[in-house]
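Trainee: This is the structure I want to talk about, given as structure tokens.
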Protein chains: 2
Amino acid sequence: MIDVCLLGTGGMMPLPNRSLTALYVRNGSRALLIDCGEGTQTAIRSASLRFKAIEAILITHFHADHMSGLPGLLLTLGNEGRTEPLAMYGPVGLERTVNGLRAIVPELPFEIECHEFSDQECAHFTCAGMEADVFPADHGIPCLGYRLQLKRKGKFDPQSARAKGIPVQLWGRLQKGECVDGFTPDDVLGAPRRGLSILYSTDTRPVPGIEEYGQEADLLILEGMFGEHDKQERAEISHHMMMQEAADIAHRVNAKELWLTHFSPATMNPEEFEAELKEIFPNTVIGNDCLSKTLQFED
Amino acid sequence: MIDVCLLGTGGMMPLPNRSLTALYVRNGSRALLIDCGEGTQTAIRSASLRFKAIEAILITHFHADHMSGLPGLLLTLGNEGRTEPLAMYGPVGLERTVNGLRAIVPELPFEIECHEFSDQECAHFTCAGMEADVFPADHGIPCLGYRLQLKRKGKFDPQSARAKGIPVQLWGRLQKGECVDGFTPDDVLGAPRRGLSILYSTDTRPVPGIEEYGQEADLLILEGMFGEHDKQERAEISHHMMMQEAADIAHRVNAKELWLTHFSPATMNPEEFEAELKEIFPNTVIGNDCLSKTLQFED
């Protein structure tokens with residue numbers, strides 16, 4: 001299972017009841033953040049999540065509302081005595097940007113390992129025990145979207161194991177993924193089962209990557225910068241997405257659920273668009289700070 | 001008069017009910033900030049203060065808990081359409097530090113004018129219509145304390161004006177500070193009256209500058225990092241101040257009032273030390289986020 005918590009749902013500037021953009025994703029005892037706006041630390045505390053579990057921070061792009069919480073978070077991780085390296089992923093320029101922010105937190109007891117991706121092509125990596133795909137977004141500056149997947153092995157198949165003459169005492173190790181005595185896990189497992197998949201993309205126009213990687217997603221988290229129809233042109237010029245466009249994508253990729261986040265500070269009450277959006281995609285949820293969900297494997 | 005609002009009272013890391021260190025000081029329609037930790041923007045909104053009024057930001061030192069709110073604040077000032085320059089004051093290295101943080105807010109429609117002070121000597125400047133003095137603090141890294149003063153002219157003295165044969169029609173202009181027909185404002189004004197004075201110094205051991213510039217202060221704002229007596233050695237090693245030391249200074253400089261701020265995140269309830277501190281200095285106030293006060297001229 002995966003636990004997801006939307007730490008902040010604001011775009012541009014923090015409001016008293018709306019921190020800036022960040023997402024906490026937990027896979028058992030391992031966790032990662034996507035983006036780290038101002039308010040991230042406070043939300044982690046409010047949601048009773050653990051700082052120590054954070055193995056990696058994935059950054060969509062280098063605007064202040066997505067990274068302003070980083071220097072303070074790094075200070076806290078250091079004050080907590082962290083010595084394990086912290087992995088960071090983001091567009092080309094990440095290391096330079098992180099080093100800039102470290103002007104106010106120059107000494108840390110752990111290393112930061114920066115992994116930079118071109119905003120022109122897709123890439124893959126593993127992170128906190130999950131498979132991560134990164135794809136180009138469209139925000140006028142280098143910007144990335146992310147898909148996280150938790151894979152699920154096939155079901156144990158004793159008939160197949162017996163048919164292949166595998167001694168019973170090897171079954172457990174093979175089932176756990178080991179190769180033993182010339183046998184492989186595939187010899188005792190059925191076809192891989194449906195895993196879990198989350199796609200997160202904000203500060204972007206609709207792009208092919210969202211449609212490609214968002215297919216059948218368990219959870220799609222997209223920006224809802226504007227909801228008023230007369231802001232369509234403004235959304236296009238500023239490379240943002242309309243709430244209605246996000247709902248339309250969720251419908252087309254057959255997602256299980258859509259969370260909207262990154263609301264314009266002028267949108268004090270995004271719930272006013274909920275009914276309209278549910279007409280487009282019924283499982284639309286208007287995000288709020290600390291909105292949480294546990295995604296479970298099927299059956 | 002001067003309006004003062006303690007925007008954040010936390011040291012090291014923000015807590016759900018305690019933002020990081022920042023102070024908003026308003027002189028009529030003009031304002032300045034001292035320090036700008038994470039949560040500054042939210043507190044400004046919560047306290048219904050104005051972003052546009054901020055003419056300057058004074059920085060004590062370059063630790064993340066005192067500057068982590070800066071890039072987000074700069075973004076907001078820019079988004080509000082500011083074109084007037086923003087003055088910044090701080091230790092040597094300020095411009096480099098601000099430029100580092102601007103990695104996530106590279107484009108602004110206004111200039112930032114950085115004024116750097118040595119941490120070895122005192123200096124003076126004017127800011128938002130107030131007189132500012134800066135003095136060295138002791139925090140292990142370059143760190144400054146600030147005193148702000150709002151001067152008050154002498155009372156209009158018609159007897160003196162008449163005795164000097166000044167025509168009545170010139171009195172008003174002289175009273176407003178103009179020099180007219182060989183007469184000066186001093187010709188119609190009595191001795192300068194007591195103005196207002198605020199001293200702010202945090203993240204420091206007790207230093208001579210606090211005692212010198214804090215004499216008879218209307219408001220002394222000092223850190224209350226630790227209150228437990230067994231943390232005296234830790235305070236000395238980490239170059240912080242005990243609450244009791246702050247109260248002792250307030251007593252010795254004959255301040256009117258002491259506000260404590262910058263509490264350790266381990267100190268969940270600083271009020272537990274209040275009675276003890278009031279024994280040392282009765283007008284001790286345990287600060288909290290958005291604590292505000294209007295300082296009025298005497299009589």
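Every chain in the structure tokens takes a letter, A first, then B, and so on in the order presented; its residues are numbered from 1, and the ligands are numbered from 1 following the presented order.
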According to DSSP computed on the backbone, where in segment 58-106 of chain B is there strand (DSSP E)? Give the residues as number ranges by chain.

Mentor: B: 58, 86-91

Trainee: Kindly export the residues of the current selection with C-alpha atoms, as a short mmCIF file (atom, residue, chain, number, x, y, z; two decimals), in the first residue's frame.

Mentor:
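New file out_35.cif:
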```cif
data_model
loop_
_atom_site.label_atom_id
_atom_site.label_comp_id
_atom_site.auth_asym_id
_atom_site.auth_seq_id
_atom_site.Cartn_x
_atom_site.Cartn_y
_atom_site.Cartn_z
CA LEU B 58 16.86 43.99 8.24
CA LEU B 86 13.61 47.10 -1.55
CA ALA B 87 16.40 47.96 0.88
CA MET B 88 18.05 45.14 2.74
CA TYR B 89 20.46 45.45 5.66
CA GLY B 90 22.57 42.72 7.20
CA PRO B 91 26.04 41.38 7.90
#
```

Trainee: Compute the set of chain A residues within 6 Å of chain B, using only C-alpha atoms, and express it as a list in words.

Mentor: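 Every residue meeting the condition is included here: Leu15, Pro16, Thr42, Phe62, His63, Ala64, Gly72, Thr97, Gly100, Leu101, Ala103, Ile104 and Val105 of chain A.
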
Trainee: Just want the 10 Å neighbourhood of Met241 of chain A, counted on only C-alpha atoms, with same-chain residues fewer than 3 positions away dropped. Output as a PyMOL selection string.

Mentor: chain A and resi 138-139+202-206+222-227+231-232+234-236+238+244-246+262

Trainee: Write out the residues from the selection above, keeping C-alpha atoms, as an mmCIF file, in the first residue's frame.

Mentor:
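To be explicit, this is the file written out as part-v1.cif:
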```
data_model
loop_
_atom_site.group_PDB
_atom_site.id
_atom_site.type_symbol
_atom_site.label_atom_id
_atom_site.label_comp_id
_atom_site.auth_asym_id
_atom_site.auth_seq_id
_atom_site.Cartn_x
_atom_site.Cartn_y
_atom_site.Cartn_z
ATOM 1 C CA ASP A 138 4.969 22.597 -20.225
ATOM 2 C CA HIS A 139 5.410 25.587 -17.917
ATOM 3 C CA THR A 202 1.467 20.677 -11.616
ATOM 4 C CA ASP A 203 2.276 24.013 -13.231
ATOM 5 C CA THR A 204 1.805 22.784 -16.758
ATOM 6 C CA ARG A 205 -0.516 22.859 -19.704
ATOM 7 C CA PRO A 206 -1.984 19.432 -20.522
ATOM 8 C CA LEU A 222 -3.064 17.759 -11.046
ATOM 9 C CA GLU A 223 -3.145 21.475 -10.618
ATOM 10 C CA GLY A 224 -6.383 23.397 -10.379
ATOM 11 C CA MET A 225 -4.919 26.857 -10.813
ATOM 12 C CA PHE A 226 -8.076 28.370 -12.294
ATOM 13 C CA GLY A 227 -11.720 27.340 -12.394
ATOM 14 C CA LYS A 231 -9.365 32.485 -17.254
ATOM 15 C CA GLN A 232 -8.680 29.941 -20.032
ATOM 16 C CA ARG A 234 -4.649 33.405 -18.852
ATOM 17 C CA ALA A 235 -4.007 29.714 -18.090
ATOM 18 C CA GLU A 236 -2.598 29.206 -21.567
ATOM 19 C CA SER A 238 0.964 31.443 -17.952
ATOM 20 C CA GLN A 244 -11.850 21.510 -16.128
ATOM 21 C CA GLU A 245 -8.867 20.416 -18.231
ATOM 22 C CA ALA A 246 -7.567 18.352 -15.324
ATOM 23 C CA HIS A 262 -2.086 24.359 -6.483
#
```

Trainee: Among segment 52-200 of chain B, which ones does DSSP place in helix (DSSP H, G or I), written as a ChimeraX atom specification?

Mentor: /B:64-67,70-79,94-104,158-163,168-175,185-187

Trainee: Would you put the residues from that selection into a file with N, CA and C atoms, as a compact mmCIF listing (two decimals), in the first residue's frame?

Mentor:
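Written out: again.txt:
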```txt
# COMPACT_ATOMS: atom_id res chain seq x y z
N ALA B 64 18.96 29.68 8.41
CA ALA B 64 17.72 29.43 7.68
C ALA B 64 16.47 29.86 8.45
N ASP B 65 16.49 29.73 9.78
CA ASP B 65 15.27 30.07 10.51
C ASP B 65 15.01 31.57 10.56
N HIS B 66 15.97 32.36 10.07
CA HIS B 66 15.79 33.82 10.04
C HIS B 66 15.61 34.37 8.63
N MET B 67 15.79 33.50 7.63
CA MET B 67 15.73 33.99 6.24
C MET B 67 14.92 33.10 5.30
N LEU B 70 12.26 34.50 2.98
CA LEU B 70 12.59 35.60 2.07
C LEU B 70 12.24 35.33 0.60
N PRO B 71 12.66 34.19 0.02
CA PRO B 71 12.37 34.04 -1.42
C PRO B 71 10.88 34.08 -1.71
N GLY B 72 10.08 33.46 -0.88
CA GLY B 72 8.63 33.50 -1.09
C GLY B 72 8.08 34.91 -0.95
N LEU B 73 8.60 35.65 0.01
CA LEU B 73 8.13 37.04 0.20
C LEU B 73 8.50 37.89 -1.01
N LEU B 74 9.71 37.70 -1.52
CA LEU B 74 10.13 38.46 -2.71
C LEU B 74 9.20 38.16 -3.88
N LEU B 75 8.85 36.88 -4.04
CA LEU B 75 7.93 36.50 -5.12
C LEU B 75 6.61 37.24 -4.97
N THR B 76 6.09 37.25 -3.76
CA THR B 76 4.80 37.92 -3.51
C THR B 76 4.89 39.42 -3.76
N LEU B 77 5.98 40.05 -3.29
CA LEU B 77 6.14 41.49 -3.54
C LEU B 77 6.15 41.75 -5.05
N GLY B 78 6.84 40.88 -5.78
CA GLY B 78 6.87 41.03 -7.24
C GLY B 78 5.50 40.81 -7.86
N ASN B 79 4.79 39.79 -7.41
CA ASN B 79 3.46 39.51 -7.95
C ASN B 79 2.48 40.63 -7.63
N LEU B 94 25.63 39.70 2.77
CA LEU B 94 24.18 39.75 2.54
C LEU B 94 23.83 39.59 1.06
N GLU B 95 24.52 40.34 0.21
CA GLU B 95 24.17 40.31 -1.21
C GLU B 95 24.37 38.90 -1.79
N ARG B 96 25.48 38.28 -1.41
CA ARG B 96 25.75 36.92 -1.89
C ARG B 96 24.64 35.96 -1.41
N THR B 97 24.24 36.12 -0.17
CA THR B 97 23.22 35.24 0.41
C THR B 97 21.88 35.45 -0.28
N VAL B 98 21.51 36.70 -0.46
CA VAL B 98 20.23 37.00 -1.13
C VAL B 98 20.26 36.46 -2.56
N ASN B 99 21.39 36.65 -3.23
CA ASN B 99 21.48 36.13 -4.60
C ASN B 99 21.37 34.62 -4.64
N GLY B 100 21.91 33.95 -3.63
CA GLY B 100 21.76 32.49 -3.55
C GLY B 100 20.30 32.10 -3.47
N LEU B 101 19.57 32.76 -2.58
CA LEU B 101 18.13 32.45 -2.40
C LEU B 101 17.33 32.79 -3.64
N ARG B 102 17.83 33.75 -4.42
CA ARG B 102 17.10 34.14 -5.62
C ARG B 102 17.20 33.11 -6.74
N ALA B 103 17.87 32.00 -6.47
CA ALA B 103 17.87 30.89 -7.43
C ALA B 103 16.45 30.45 -7.74
N ILE B 104 15.52 30.63 -6.80
CA ILE B 104 14.13 30.22 -7.05
C ILE B 104 13.20 31.42 -7.27
N PRO B 158 5.74 79.40 21.59
CA PRO B 158 5.40 80.72 21.04
C PRO B 158 6.14 81.86 21.75
N GLN B 159 6.42 81.70 23.02
CA GLN B 159 7.14 82.76 23.75
C GLN B 159 8.50 83.01 23.14
N SER B 160 9.22 81.91 22.86
CA SER B 160 10.55 82.00 22.25
C SER B 160 10.44 82.65 20.87
N ALA B 161 9.41 82.22 20.08
CA ALA B 161 9.22 82.76 18.73
C ALA B 161 8.98 84.27 18.78
N ARG B 162 8.14 84.69 19.72
CA ARG B 162 7.84 86.12 19.86
C ARG B 162 9.09 86.89 20.29
N ALA B 163 9.81 86.31 21.26
CA ALA B 163 10.99 86.98 21.80
C ALA B 163 12.03 87.22 20.70
N VAL B 168 4.46 85.90 12.82
CA VAL B 168 3.55 84.78 13.09
C VAL B 168 3.33 83.89 11.86
N GLN B 169 3.30 84.54 10.66
CA GLN B 169 3.01 83.73 9.46
C GLN B 169 4.12 82.72 9.13
N LEU B 170 5.29 82.84 9.75
CA LEU B 170 6.37 81.86 9.50
C LEU B 170 6.36 80.70 10.49
N TRP B 171 5.62 80.86 11.57
CA TRP B 171 5.66 79.87 12.65
C TRP B 171 5.35 78.45 12.17
N GLY B 172 4.31 78.35 11.35
CA GLY B 172 3.86 77.02 10.91
C GLY B 172 4.93 76.28 10.13
N ARG B 173 5.59 77.01 9.20
CA ARG B 173 6.61 76.37 8.37
C ARG B 173 7.83 75.97 9.21
N LEU B 174 8.19 76.87 10.14
CA LEU B 174 9.33 76.55 11.01
C LEU B 174 9.02 75.32 11.88
N GLN B 175 7.78 75.29 12.33
CA GLN B 175 7.36 74.18 13.19
C GLN B 175 7.42 72.84 12.45
N PRO B 185 14.06 75.87 12.68
CA PRO B 185 13.04 75.27 13.55
C PRO B 185 13.41 75.40 15.03
N ASP B 186 14.71 75.33 15.33
CA ASP B 186 15.11 75.44 16.74
C ASP B 186 14.67 76.76 17.37
N ASP B 187 14.44 77.76 16.53
CA ASP B 187 14.03 79.05 17.07
C ASP B 187 12.61 79.03 17.64
```

Trainee: Find the residues near Thr60 of chain A: any atom within 7 Å, counting only C-alpha atoms, skip ones fewer than 5 places away on the same chain, and give them as a short mmCIF file (atom, residue, chain, number, x, y, z; two decimals) with C-alpha atoms, in the first residue's frame.

Mentor:
```cif
data_model
loop_
_atom_site.label_atom_id
_atom_site.label_comp_id
_atom_site.auth_asym_id
_atom_site.auth_seq_id
_atom_site.Cartn_x
_atom_site.Cartn_y
_atom_site.Cartn_z
CA ASP A 35 7.97 19.64 -4.25
CA GLY A 90 14.60 17.59 -10.74
CA CYS A 143 9.32 21.50 -15.57
CA LEU A 144 8.76 17.80 -14.92
CA GLY A 145 5.86 15.55 -14.00
#
```

Trainee: What gap, in Å, lies between atom CA of Gly195 of chain B and atom CA of His251 of chain B?

Mentor: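 Atom CA of His251 of chain B lies 20.2 Å from atom CA of Gly195 of chain B.
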
Trainee: Quick one: residues within 8 Å of Thr83 of chain A, only C-alpha atoms counted, chain neighbours fewer than 5 positions away excluded, as a ChimeraX atom specification?

Mentor: /A:78,109-111

Trainee: I'd like the contact shell of Leu258 of chain B - 9 Å cut-off, only C-alpha atoms, skipping same-chain residues fewer than 3 positions apart - returned as a PDB file with N, CA and C atoms, in the first residue's frame.

Mentor:
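The resulting file, out.pdb, is reproduced below:
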```
ATOM      1  N   ASP B 218      11.659  51.574  24.989  1.00  0.00           N
ATOM      2  CA  ASP B 218      10.226  51.354  25.171  1.00  0.00           C
ATOM      3  C   ASP B 218       9.887  49.873  25.021  1.00  0.00           C
ATOM      4  N   LEU B 219      10.617  49.225  24.135  1.00  0.00           N
ATOM      5  CA  LEU B 219      10.371  47.793  23.936  1.00  0.00           C
ATOM      6  C   LEU B 219      11.689  47.108  23.599  1.00  0.00           C
ATOM      7  N   LEU B 220      11.980  46.092  24.384  1.00  0.00           N
ATOM      8  CA  LEU B 220      13.176  45.286  24.174  1.00  0.00           C
ATOM      9  C   LEU B 220      12.672  43.930  23.694  1.00  0.00           C
ATOM     10  N   ILE B 221      13.145  43.489  22.518  1.00  0.00           N
ATOM     11  CA  ILE B 221      12.727  42.169  22.019  1.00  0.00           C
ATOM     12  C   ILE B 221      13.976  41.305  21.960  1.00  0.00           C
ATOM     13  N   LEU B 222      14.015  40.310  22.832  1.00  0.00           N
ATOM     14  CA  LEU B 222      15.209  39.464  22.937  1.00  0.00           C
ATOM     15  C   LEU B 222      14.807  38.000  22.834  1.00  0.00           C
ATOM     16  N   ALA B 246      17.885  37.483  29.500  1.00  0.00           N
ATOM     17  CA  ALA B 246      17.159  38.552  28.805  1.00  0.00           C
ATOM     18  C   ALA B 246      16.413  39.425  29.809  1.00  0.00           C
ATOM     19  N   ALA B 247      15.755  38.786  30.770  1.00  0.00           N
ATOM     20  CA  ALA B 247      15.004  39.551  31.782  1.00  0.00           C
ATOM     21  C   ALA B 247      15.954  40.391  32.629  1.00  0.00           C
ATOM     22  N   ALA B 250      16.862  43.469  30.671  1.00  0.00           N
ATOM     23  CA  ALA B 250      15.734  44.415  30.655  1.00  0.00           C
ATOM     24  C   ALA B 250      15.675  45.199  31.959  1.00  0.00           C
ATOM     25  N   ALA B 255      14.336  49.073  30.801  1.00  0.00           N
ATOM     26  CA  ALA B 255      13.398  49.056  29.669  1.00  0.00           C
ATOM     27  C   ALA B 255      11.976  49.172  30.199  1.00  0.00           C
ATOM     28  N   PHE B 281      12.160  40.791  36.028  1.00  0.00           N
ATOM     29  CA  PHE B 281      11.710  42.010  35.345  1.00  0.00           C
ATOM     30  C   PHE B 281      10.193  41.906  35.160  1.00  0.00           C
ATOM     31  N   PRO B 282       9.444  42.699  35.921  1.00  0.00           N
ATOM     32  CA  PRO B 282       7.982  42.516  35.955  1.00  0.00           C
ATOM     33  C   PRO B 282       7.305  42.644  34.594  1.00  0.00           C
ATOM     34  N   ASN B 283       7.812  43.527  33.729  1.00  0.00           N
ATOM     35  CA  ASN B 283       7.134  43.721  32.448  1.00  0.00           C
ATOM     36  C   ASN B 283       7.645  42.787  31.356  1.00  0.00           C
ATOM     37  N   THR B 284       7.830  41.548  31.715  1.00  0.00           N
ATOM     38  CA  THR B 284       8.230  40.532  30.745  1.00  0.00           C
ATOM     39  C   THR B 284       6.983  39.940  30.091  1.00  0.00           C
ATOM     40  N   VAL B 285       7.001  39.870  28.775  1.00  0.00           N
ATOM     41  CA  VAL B 285       5.882  39.269  28.037  1.00  0.00           C
ATOM     42  C   VAL B 285       6.422  38.082  27.243  1.00  0.00           C
ATOM     43  N   ILE B 286       5.803  36.926  27.414  1.00  0.00           N
ATOM     44  CA  ILE B 286       6.175  35.751  26.609  1.00  0.00           C
ATOM     45  C   ILE B 286       5.539  35.949  25.240  1.00  0.00           C
TER      46      ILE B 286
END
```

Trainee: Please identify all polymer residues within 10 Å of Thr126 of chain A, counting only C-alpha atoms, omitting same-chain residues fewer than 4 positions from it, and present them as an MDAnalysis selection string.

Mentor: chainID A and resid 130:133 148:149

Trainee: Calculated over only C-alpha atoms, which of the candidates B:Gly214, B:His229, B:Phe183, B:His239 has the smallest distance to Asn254 of chain B?

Mentor: B:Gly214

Trainee: One decimal, Å: what's the distance from atom CA of Phe297 of chain A over to atom CA of Met243 of chain A, could you say?

Mentor: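 Atom CA of Met243 of chain A lies 28.2 Å from atom CA of Phe297 of chain A.
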
Trainee: What is the atom CA of Ile2 of chain A-atom CA of Ile249 of chain A distance in Å, reported with one decimal?

Mentor: 22.8 Å
